[in-house]
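Right, one structure below, let's go through it.
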Amino acid sequence: MKKKIAVVLSLAMLATTFIACGKKSDKTDLAKIKDKGEMVVGLDDTFVPMGFKDDNGDINGFDVDLANAVGEKLGVKVKFQPIDWTMKESELNGGKIDVIWNGYSITDERKEKVAFSKPYLENKQVIITLANSPIKTKADLNGKNVAAQNGSSAVDAVEKEADLVKTFKGGKLVTFETNNDALMDLEAGRVDAVVGDEILIRYYTNQRGESKYKVLDDNFGTEEYGIGFRKDDKEFLSAVQKALDELKADGTSKKISEKWFGKDIVKS
């Protein structure tokens, strides 16, 4: 009799364990974020004005303010995690961050790896040179050192024009770890032109002195920024999108945009 009771108790305990495990695995992606009380945002902390370290070492920027506002809507804190931008999708899908949110351009290649929010900003891949440069169009890049940030959508946009790239000095694009590194080499005369996000380039020239530079009318196309999520995190994505829509409706995103850009450039 005692053995039977022991067996019954053991089976009951085992069933309880399975039920508990089942409940744990049944938690949605959004519930996991809320239980954790934190949303980890992966970003390139040199990407002005979207997300960057200021002179005090604090991370600031348009996307930073917007993410914090979304965090308030969701009732969670936001942690900003600087990452290697070339490894952003791996960091996301490996669970080290919860979202990629930092001037992250929506491309077909990236759609294969992540799920995107609706686009919230438009951007162009522009060409910047020094003011006294003879370069006026893309055709003038023939024989020139042309640079961009490694792992950026600028690289993807330029390399789509393979015949043009072949005319660059060395027959290839020069890549740097950060946009800042590329722009510093432009100032030093080590490269002739840099291709980058117009939002970053315009902010950079405004800070450094617009008279020193020239942004060409010719460019490598228009794109849109979105927030990157793991493909299975559908409920989390929907909650963030709902929060973003509410921030547009109540004027919060407009205020954030005016703070960083002087006008409202958020997509309606």
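Residues in the structure tokens are numbered from 1 in each chain, the chains being A, B, ... in the order shown, and ligands are numbered from 1 in the order shown.
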*May I have the residues within 12 Å of A:Asp108 as a ChimeraX atom specification, using only C-alpha atoms and disregarding those fewer than 5 positions away in the same chain?*
/A:113-116,153,156-157,223-224
*Mind listing the helix (DSSP H, G or I) residues of stretch 29-196 of chain A, per DSSP on the backbone, as a PyMOL selection string?*
chain A and resi 29-36+62-74+85-93+108-111+138-141+153-159+162-167+169-171+179-187
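For the residues A:Ala69, A:Ile83, A:Ala31, A:Leu164, ranking by smallest atom-to-atom distance to A:Asp44 using only C-alpha atoms places A:Ile83 first.
Note that the spacing between atom CA of A:Phe62 and atom CA of A:Thr46 amounts to 12.9 Å.
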*Based on DSSP run over this structure's backbone, return all residues of stretch 68-236 of chain A in strand (DSSP E or B), as number ranges by chain.*
A: 77-82, 99-100, 105, 115-116, 121-130, 146-149, 174-176, 193-197, 213-225, 228-229
So that I have them on file, write out the residues from the current selection with C-alpha atoms, as a short mmCIF file (atom, residue, chain, number, x, y, z; two decimals), in the first residue's frame.
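Writing the result to part12.cif gives the following:
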data_model
loop_
_atom_site.label_atom_id
_atom_site.label_comp_id
_atom_site.auth_asym_id
_atom_site.auth_seq_id
_atom_site.Cartn_x
_atom_site.Cartn_y
_atom_site.Cartn_z
CA LYS A 77 12.81 50.14 -18.66
CA VAL A 78 14.98 50.51 -21.75
CA LYS A 79 18.60 49.40 -21.72
CA PHE A 80 20.79 50.63 -24.58
CA GLN A 81 23.42 48.07 -25.50
CA PRO A 82 26.24 49.16 -27.86
CA VAL A 99 15.50 44.88 -30.80
CA ILE A 100 17.76 46.61 -33.32
CA SER A 105 17.33 50.66 -42.82
CA ALA A 115 10.89 41.20 -38.75
CA PHE A 116 10.43 44.95 -39.14
CA LEU A 121 11.65 57.78 -41.02
CA GLU A 122 12.82 58.23 -44.61
CA ASN A 123 16.49 58.48 -45.49
CA LYS A 124 18.81 58.74 -48.50
CA GLN A 125 22.28 57.33 -49.05
CA VAL A 126 24.14 60.51 -49.96
CA ILE A 127 27.67 61.29 -51.10
CA ILE A 128 29.72 63.79 -49.12
CA THR A 129 33.04 65.32 -50.18
CA LEU A 130 35.13 68.25 -49.04
CA VAL A 146 35.15 56.05 -51.79
CA ALA A 147 34.29 55.03 -48.22
CA ALA A 148 31.35 53.81 -46.11
CA GLN A 149 30.68 52.12 -42.77
CA VAL A 174 36.81 51.32 -48.64
CA THR A 175 35.02 50.36 -45.41
CA PHE A 176 35.45 51.63 -41.86
CA ALA A 193 34.16 60.74 -50.73
CA VAL A 194 31.99 59.05 -48.12
CA VAL A 195 28.58 57.47 -48.68
CA GLY A 196 26.26 57.51 -45.68
CA ASP A 197 22.81 58.16 -44.29
CA TYR A 213 31.72 70.03 -47.06
CA LYS A 214 29.63 69.38 -50.12
CA VAL A 215 26.71 66.94 -50.24
CA LEU A 216 26.03 65.90 -53.83
CA ASP A 217 22.55 65.96 -55.39
CA ASP A 218 23.41 62.60 -56.92
CA ASN A 219 22.84 59.79 -54.42
CA PHE A 220 22.46 56.04 -53.98
CA GLY A 221 18.73 55.96 -53.39
CA THR A 222 16.02 56.44 -50.80
CA GLU A 223 15.29 54.01 -47.99
CA GLU A 224 13.30 53.82 -44.77
CA TYR A 225 14.18 53.19 -41.14
CA GLY A 228 14.20 45.06 -36.13
CA PHE A 229 12.68 42.17 -34.13
#
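When atom CA of A:Ile135 is paired with atom CA of A:Arg208, their separation reads 20.4 Å.
Candidate residues A:Ile227, A:Phe47, A:Asp163, A:Glu246 were compared for distance to A:Tyr203, and the nearest is A:Phe47, using only C-alpha atoms.
The coordinates place atom CA of A:Ala131 at 23.9 Å from atom CA of A:Gly170.
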*May I have the residues within 12 Å of A:Asn142 as a PyMOL selection string, using only C-alpha atoms and disregarding those fewer than 3 positions away in the same chain?*
chain A and resi 134-139+145-146+163-173+192-193
Written file, previous selection with C-alpha atoms, as a PDB file, in the first residue's frame:
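And here's result-v9.pdb as it stands now:
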ATOM      1  CA  PRO A 134      35.978  68.360 -58.089  1.00  0.00           C
ATOM      2  CA  ILE A 135      33.485  65.517 -57.546  1.00  0.00           C
ATOM      3  CA  LYS A 136      29.984  66.589 -58.606  1.00  0.00           C
ATOM      4  CA  THR A 137      28.249  63.355 -59.632  1.00  0.00           C
ATOM      5  CA  LYS A 138      28.582  59.605 -59.116  1.00  0.00           C
ATOM      6  CA  ALA A 139      30.433  59.405 -62.428  1.00  0.00           C
ATOM      7  CA  ASN A 145      38.781  56.418 -52.849  1.00  0.00           C
ATOM      8  CA  VAL A 146      35.148  56.048 -51.786  1.00  0.00           C
ATOM      9  CA  ASP A 163      29.925  48.598 -62.651  1.00  0.00           C
ATOM     10  CA  LEU A 164      30.397  51.911 -60.859  1.00  0.00           C
ATOM     11  CA  VAL A 165      32.286  50.286 -57.979  1.00  0.00           C
ATOM     12  CA  LYS A 166      34.735  48.787 -60.466  1.00  0.00           C
ATOM     13  CA  THR A 167      35.738  52.335 -61.427  1.00  0.00           C
ATOM     14  CA  PHE A 168      36.642  53.271 -57.832  1.00  0.00           C
ATOM     15  CA  LYS A 169      40.311  53.341 -56.917  1.00  0.00           C
ATOM     16  CA  GLY A 170      41.326  49.731 -56.335  1.00  0.00           C
ATOM     17  CA  GLY A 171      38.016  48.589 -57.828  1.00  0.00           C
ATOM     18  CA  LYS A 172      36.290  48.474 -54.449  1.00  0.00           C
ATOM     19  CA  LEU A 173      34.656  50.453 -51.667  1.00  0.00           C
ATOM     20  CA  ASP A 192      37.820  61.375 -51.544  1.00  0.00           C
ATOM     21  CA  ALA A 193      34.164  60.740 -50.725  1.00  0.00           C
TER      22      ALA A 193
END
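For the choices A:Val70, A:Ser117, A:Asp63, A:Gly42, the atom-to-atom distance to A:Leu237 is smallest for A:Ser117 when using only C-alpha atoms.
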*asked:* At a cut-off of 9 Å, using only C-alpha atoms, what residues contact A:Asp98? Leave out same-chain residues fewer than 2 positions from it and give the result as a VMD selection string.
replied: chain A and resid 33 39 to 42 91 to 93 95 to 96 100 228 to 230
